[in-house]
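> Below: one structure in structure tokens.
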Amino acid sequence: MTQVEVCGASADKVQSLIEEHGELLYGLSNEGSVHIFGPDETFEEPRSGRFRSEISMKLVDTTQLGNVIVSFSSTPSTQDIVREKLRLLVPGLVVVADEQSEGRGRHGSEWISPEGCLTCSIGVVLPRAKAELLPFLQYVAALSVVDAVRSTEVGSQVPLQVKWPNDVLINGDKVAGILCEGIVVDGDMYVSVGIGINVTNENPTCSLKGSLPASATISREVVLAALINSFEPLFEVLKRDGFEPLKQRYYDHWIHTDQVVSLENREGKKARILGLAKSGSILLQIIDSGEEEELDPYSASLDLNASTLRVKSTS
């Protein structure tokens, strides 16, 4: 049975959640239970293996983001919860799951979320006038992951790098992935920013804990709070000023500076990665001709090990 916990930022927030959205929230689990509480709640029963949202809430220091954290013992997808069931709580909403049965990445690929993986979705709104910033949201999320880990007590030396367009790596292995999905409501873009971070699980690739000294400890709750605290100010900069003020910080961590790649489906042509275009696409220079070309994340994917940029055929 699915257990759902809804943690509000304060007693007043808990009361407003019950009064304004009680029917919606209590309907999240048909067979299990739904518990709505504040960060100072004490629990008599052990919650072994469950995400402790009250721990995260006490560490959150934001204006709005994370004022509601909804955690599921199990759900098909945190992305779908944000977009389809709890959109009325956006912005400010964060959804976490101990287990996902239908987690997904780009192009419909499966996202495995074993025990120890922080699986969450952040709900944000891009106003109609800022819709062109949507491609940059995944880059902001990646930068947020790096900043979050580096801000923790034990994570300042973790060698994180950003891989285009939506992965965070440790020594070439994927430790975090990002998926942004949006729907238009009354002209505005409601976006669910899905983020999966391997915190203590070594499989299927690597984890944050695996890169720390043996005596160091790190938890999903601490990482989520740090992620929320990092994401909100970066997202506000994006909405106000665009991605340009954040670009150099992003480049400081990305792994592709002057990387030469082969273009699959392009008769063996090679290109040098120049950076990000103003559109949010990756900007390339074709080596033979010197011409510049943009490829968006929906039409291309990068195989880092093979140094190959796979370009979807248009035929």
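Here's how to read the names in the structure tokens: chain A, B, ... by the order shown, residue numbers from 1 in each chain, ligand numbers from 1 in the order shown.
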Ala216 of chain A: which residues within 10 Å, counting only C-alpha atoms, same-chain residues fewer than 3 positions away excluded, as a PyMOL selection string?
chain A and resi 153-155+209-213
> Now that the selection is made, can you save its residues with N, CA and C atoms as a PDB file, in the first residue's frame?

```
ATOM      1  N   GLU A 153      28.142  19.554   3.869  1.00  0.00           N
ATOM      2  CA  GLU A 153      29.309  19.520   4.755  1.00  0.00           C
ATOM      3  C   GLU A 153      30.401  18.604   4.241  1.00  0.00           C
ATOM      4  N   VAL A 154      30.024  17.531   3.543  1.00  0.00           N
ATOM      5  CA  VAL A 154      31.019  16.541   3.120  1.00  0.00           C
ATOM      6  C   VAL A 154      31.269  16.543   1.614  1.00  0.00           C
ATOM      7  N   GLY A 155      30.522  17.337   0.842  1.00  0.00           N
ATOM      8  CA  GLY A 155      30.570  17.209  -0.606  1.00  0.00           C
ATOM      9  C   GLY A 155      31.392  18.236  -1.356  1.00  0.00           C
ATOM     10  N   LYS A 209      28.069   8.946  -2.164  1.00  0.00           N
ATOM     11  CA  LYS A 209      28.743   8.327  -1.030  1.00  0.00           C
ATOM     12  C   LYS A 209      30.020   7.618  -1.450  1.00  0.00           C
ATOM     13  N   GLY A 210      29.998   7.018  -2.628  1.00  0.00           N
ATOM     14  CA  GLY A 210      31.170   6.294  -3.107  1.00  0.00           C
ATOM     15  C   GLY A 210      32.362   7.179  -3.381  1.00  0.00           C
ATOM     16  N   SER A 211      32.146   8.482  -3.514  1.00  0.00           N
ATOM     17  CA  SER A 211      33.241   9.411  -3.775  1.00  0.00           C
ATOM     18  C   SER A 211      33.698  10.136  -2.510  1.00  0.00           C
ATOM     19  N   LEU A 212      33.115   9.766  -1.368  1.00  0.00           N
ATOM     20  CA  LEU A 212      33.447  10.403  -0.097  1.00  0.00           C
ATOM     21  C   LEU A 212      34.371   9.503   0.726  1.00  0.00           C
ATOM     22  N   PRO A 213      35.077  10.064   1.707  1.00  0.00           N
ATOM     23  CA  PRO A 213      35.836   9.227   2.640  1.00  0.00           C
ATOM     24  C   PRO A 213      34.911   8.239   3.344  1.00  0.00           C
TER      25      PRO A 213
END
```
> When you draw a straight line from atom CA of Val60 of chain A to atom CA of Ile18 of chain A, how long is it in Å?
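Taking atom CA of Val60 of chain A and atom CA of Ile18 of chain A, their separation equals 21.4 Å.
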> Report as JSON lines: every residue of segment 93-149 of chain A with an atom at most 7 Å from segment 184-197 of chain A, its closest pair of atoms, and their distance in Å to one decimal, counting only C-alpha atoms, with rows sorted by chain and ascending residue number.

```
{"residue": "A:Cys117", "atom": "CA", "partner": "A:Ile197", "partner_atom": "CA", "distance": 5.7}
{"residue": "A:Leu118", "atom": "CA", "partner": "A:Ile197", "partner_atom": "CA", "distance": 5.1}
{"residue": "A:Thr119", "atom": "CA", "partner": "A:Gly196", "partner_atom": "CA", "distance": 4.6}
{"residue": "A:Cys120", "atom": "CA", "partner": "A:Ile195", "partner_atom": "CA", "distance": 5.5}
{"residue": "A:Ser121", "atom": "CA", "partner": "A:Gly194", "partner_atom": "CA", "distance": 4.2}
{"residue": "A:Ile122", "atom": "CA", "partner": "A:Val193", "partner_atom": "CA", "distance": 5.0}
{"residue": "A:Gly123", "atom": "CA", "partner": "A:Ser192", "partner_atom": "CA", "distance": 4.8}
{"residue": "A:Val124", "atom": "CA", "partner": "A:Val191", "partner_atom": "CA", "distance": 5.4}
{"residue": "A:Val125", "atom": "CA", "partner": "A:Tyr190", "partner_atom": "CA", "distance": 4.6}
{"residue": "A:Leu126", "atom": "CA", "partner": "A:Met189", "partner_atom": "CA", "distance": 5.0}
{"residue": "A:Pro127", "atom": "CA", "partner": "A:Asp188", "partner_atom": "CA", "distance": 4.8}
{"residue": "A:Arg128", "atom": "CA", "partner": "A:Asp188", "partner_atom": "CA", "distance": 4.5}
{"residue": "A:Ala131", "atom": "CA", "partner": "A:Met189", "partner_atom": "CA", "distance": 6.8}
```
> Those same residues - all heavy atoms - I'd like them written as a JSON list (two decimals), in the first residue's frame.

```json
[["chain", "number", "residue", "atom", "x", "y", "z"],
["A", 117, "CYS", "N", 18.65, 6.17, -3.89],
["A", 117, "CYS", "CA", 18.60, 7.20, -4.93],
["A", 117, "CYS", "C", 17.57, 8.26, -4.55],
["A", 117, "CYS", "O", 16.45, 7.93, -4.16],
["A", 117, "CYS", "CB", 18.22, 6.56, -6.27],
["A", 117, "CYS", "SG", 18.05, 7.74, -7.64],
["A", 118, "LEU", "N", 17.95, 9.53, -4.63],
["A", 118, "LEU", "CA", 17.01, 10.61, -4.43],
["A", 118, "LEU", "C", 16.26, 10.83, -5.74],
["A", 118, "LEU", "O", 16.84, 11.25, -6.75],
["A", 118, "LEU", "CB", 17.73, 11.90, -4.02],
["A", 118, "LEU", "CG", 16.85, 13.15, -3.96],
["A", 118, "LEU", "CD1", 15.75, 13.01, -2.91],
["A", 118, "LEU", "CD2", 17.69, 14.39, -3.69],
["A", 119, "THR", "N", 14.98, 10.52, -5.73],
["A", 119, "THR", "CA", 14.13, 10.69, -6.91],
["A", 119, "THR", "C", 13.10, 11.76, -6.60],
["A", 119, "THR", "O", 12.24, 11.57, -5.74],
["A", 119, "THR", "CB", 13.42, 9.36, -7.24],
["A", 119, "THR", "OG1", 14.39, 8.33, -7.42],
["A", 119, "THR", "CG2", 12.61, 9.50, -8.51],
["A", 120, "CYS", "N", 13.18, 12.88, -7.29],
["A", 120, "CYS", "CA", 12.30, 14.00, -6.95],
["A", 120, "CYS", "C", 11.91, 14.78, -8.20],
["A", 120, "CYS", "O", 12.55, 14.68, -9.25],
["A", 120, "CYS", "CB", 12.96, 14.93, -5.93],
["A", 120, "CYS", "SG", 14.41, 15.81, -6.56],
["A", 121, "SER", "N", 10.83, 15.54, -8.06],
["A", 121, "SER", "CA", 10.39, 16.46, -9.11],
["A", 121, "SER", "C", 10.03, 17.79, -8.46],
["A", 121, "SER", "O", 9.37, 17.83, -7.42],
["A", 121, "SER", "CB", 9.17, 15.90, -9.85],
["A", 121, "SER", "OG", 9.51, 14.76, -10.61],
["A", 122, "ILE", "N", 10.49, 18.86, -9.09],
["A", 122, "ILE", "CA", 10.27, 20.22, -8.61],
["A", 122, "ILE", "C", 9.29, 20.90, -9.56],
["A", 122, "ILE", "O", 9.49, 20.88, -10.78],
["A", 122, "ILE", "CB", 11.60, 21.00, -8.56],
["A", 122, "ILE", "CG1", 12.54, 20.37, -7.53],
["A", 122, "ILE", "CG2", 11.37, 22.47, -8.26],
["A", 122, "ILE", "CD1", 13.95, 20.94, -7.55],
["A", 123, "GLY", "N", 8.24, 21.50, -9.01],
["A", 123, "GLY", "CA", 7.26, 22.19, -9.84],
["A", 123, "GLY", "C", 7.54, 23.67, -9.92],
["A", 123, "GLY", "O", 7.65, 24.35, -8.90],
["A", 124, "VAL", "N", 7.68, 24.19, -11.15],
["A", 124, "VAL", "CA", 7.93, 25.62, -11.36],
["A", 124, "VAL", "C", 7.02, 26.14, -12.48],
["A", 124, "VAL", "O", 6.45, 25.35, -13.25],
["A", 124, "VAL", "CB", 9.40, 25.91, -11.71],
["A", 124, "VAL", "CG1", 10.32, 25.51, -10.58],
["A", 124, "VAL", "CG2", 9.81, 25.21, -13.01],
["A", 125, "VAL", "N", 6.91, 27.45, -12.57],
["A", 125, "VAL", "CA", 6.10, 28.08, -13.61],
["A", 125, "VAL", "C", 6.96, 29.07, -14.39],
["A", 125, "VAL", "O", 7.61, 29.94, -13.80],
["A", 125, "VAL", "CB", 4.89, 28.83, -13.01],
["A", 125, "VAL", "CG1", 4.08, 29.49, -14.12],
["A", 125, "VAL", "CG2", 4.02, 27.88, -12.21],
["A", 126, "LEU", "N", 6.97, 28.91, -15.72],
["A", 126, "LEU", "CA", 7.59, 29.89, -16.60],
["A", 126, "LEU", "C", 6.48, 30.74, -17.20],
["A", 126, "LEU", "O", 5.61, 30.21, -17.91],
["A", 126, "LEU", "CB", 8.38, 29.21, -17.72],
["A", 126, "LEU", "CG", 9.83, 28.83, -17.44],
["A", 126, "LEU", "CD1", 10.39, 28.06, -18.63],
["A", 126, "LEU", "CD2", 10.68, 30.05, -17.17],
["A", 127, "PRO", "N", 6.47, 32.05, -16.94],
["A", 127, "PRO", "CA", 5.42, 32.89, -17.52],
["A", 127, "PRO", "C", 5.45, 32.85, -19.04],
["A", 127, "PRO", "O", 6.49, 32.55, -19.66],
["A", 127, "PRO", "CB", 5.79, 34.29, -17.00],
["A", 127, "PRO", "CG", 6.65, 34.06, -15.81],
["A", 127, "PRO", "CD", 7.39, 32.79, -16.09],
["A", 128, "ARG", "N", 4.32, 33.15, -19.64],
["A", 128, "ARG", "CA", 4.19, 33.10, -21.09],
["A", 128, "ARG", "C", 5.30, 33.88, -21.79],
["A", 128, "ARG", "O", 5.87, 33.42, -22.79],
["A", 128, "ARG", "CB", 2.82, 33.67, -21.50],
["A", 128, "ARG", "CG", 2.55, 33.67, -22.98],
["A", 128, "ARG", "CD", 1.21, 34.34, -23.28],
["A", 128, "ARG", "NE", 0.16, 33.88, -22.39],
["A", 128, "ARG", "CZ", -1.13, 34.19, -22.55],
["A", 128, "ARG", "NH1", -1.51, 34.94, -23.58],
["A", 128, "ARG", "NH2", -2.04, 33.75, -21.71],
["A", 131, "ALA", "N", 8.73, 31.88, -22.13],
["A", 131, "ALA", "CA", 8.67, 30.49, -22.61],
["A", 131, "ALA", "C", 9.93, 30.07, -23.34],
["A", 131, "ALA", "O", 10.29, 28.88, -23.34],
["A", 131, "ALA", "CB", 7.45, 30.31, -23.51]]
```
> What parts of segment 169-281 of chain A does DSSP call helix (DSSP H, G or I)? I'd like the answer as number ranges by chain.
A: 209-211, 220-241, 244-251
> Mind checking which residues fall within 10 Å of Asn30 of chain A, counting only C-alpha atoms, ignoring those fewer than 4 positions away in the same chain, and posting them as an MDAnalysis selection string?
chainID A and resid 1:3 26 34
> Counting only C-alpha atoms, which residues in segment 9-80 of chain A sit no more than 12 Å from segment 168-181 of chain A? For each one, give the nearest pair of atoms and the distance in Å, sorted by chain then residue number, as JSON lines.

```
{"residue": "A:Ser77", "atom": "CA", "partner": "A:Leu179", "partner_atom": "CA", "distance": 11.8}
{"residue": "A:Thr78", "atom": "CA", "partner": "A:Leu179", "partner_atom": "CA", "distance": 11.2}
{"residue": "A:Gln79", "atom": "CA", "partner": "A:Glu181", "partner_atom": "CA", "distance": 7.7}
{"residue": "A:Asp80", "atom": "CA", "partner": "A:Glu181", "partner_atom": "CA", "distance": 9.4}
```
> Okay, now the selection with C-alpha atoms, as a PDB file, in the first residue's frame?

```
ATOM      1  CA  SER A  77       6.441   8.651 -11.585  1.00  0.00           C
ATOM      2  CA  THR A  78       7.020  11.815  -9.532  1.00  0.00           C
ATOM      3  CA  GLN A  79       6.851  13.722 -12.829  1.00  0.00           C
ATOM      4  CA  ASP A  80       3.265  12.669 -13.401  1.00  0.00           C
TER       5      ASP A  80
END
```
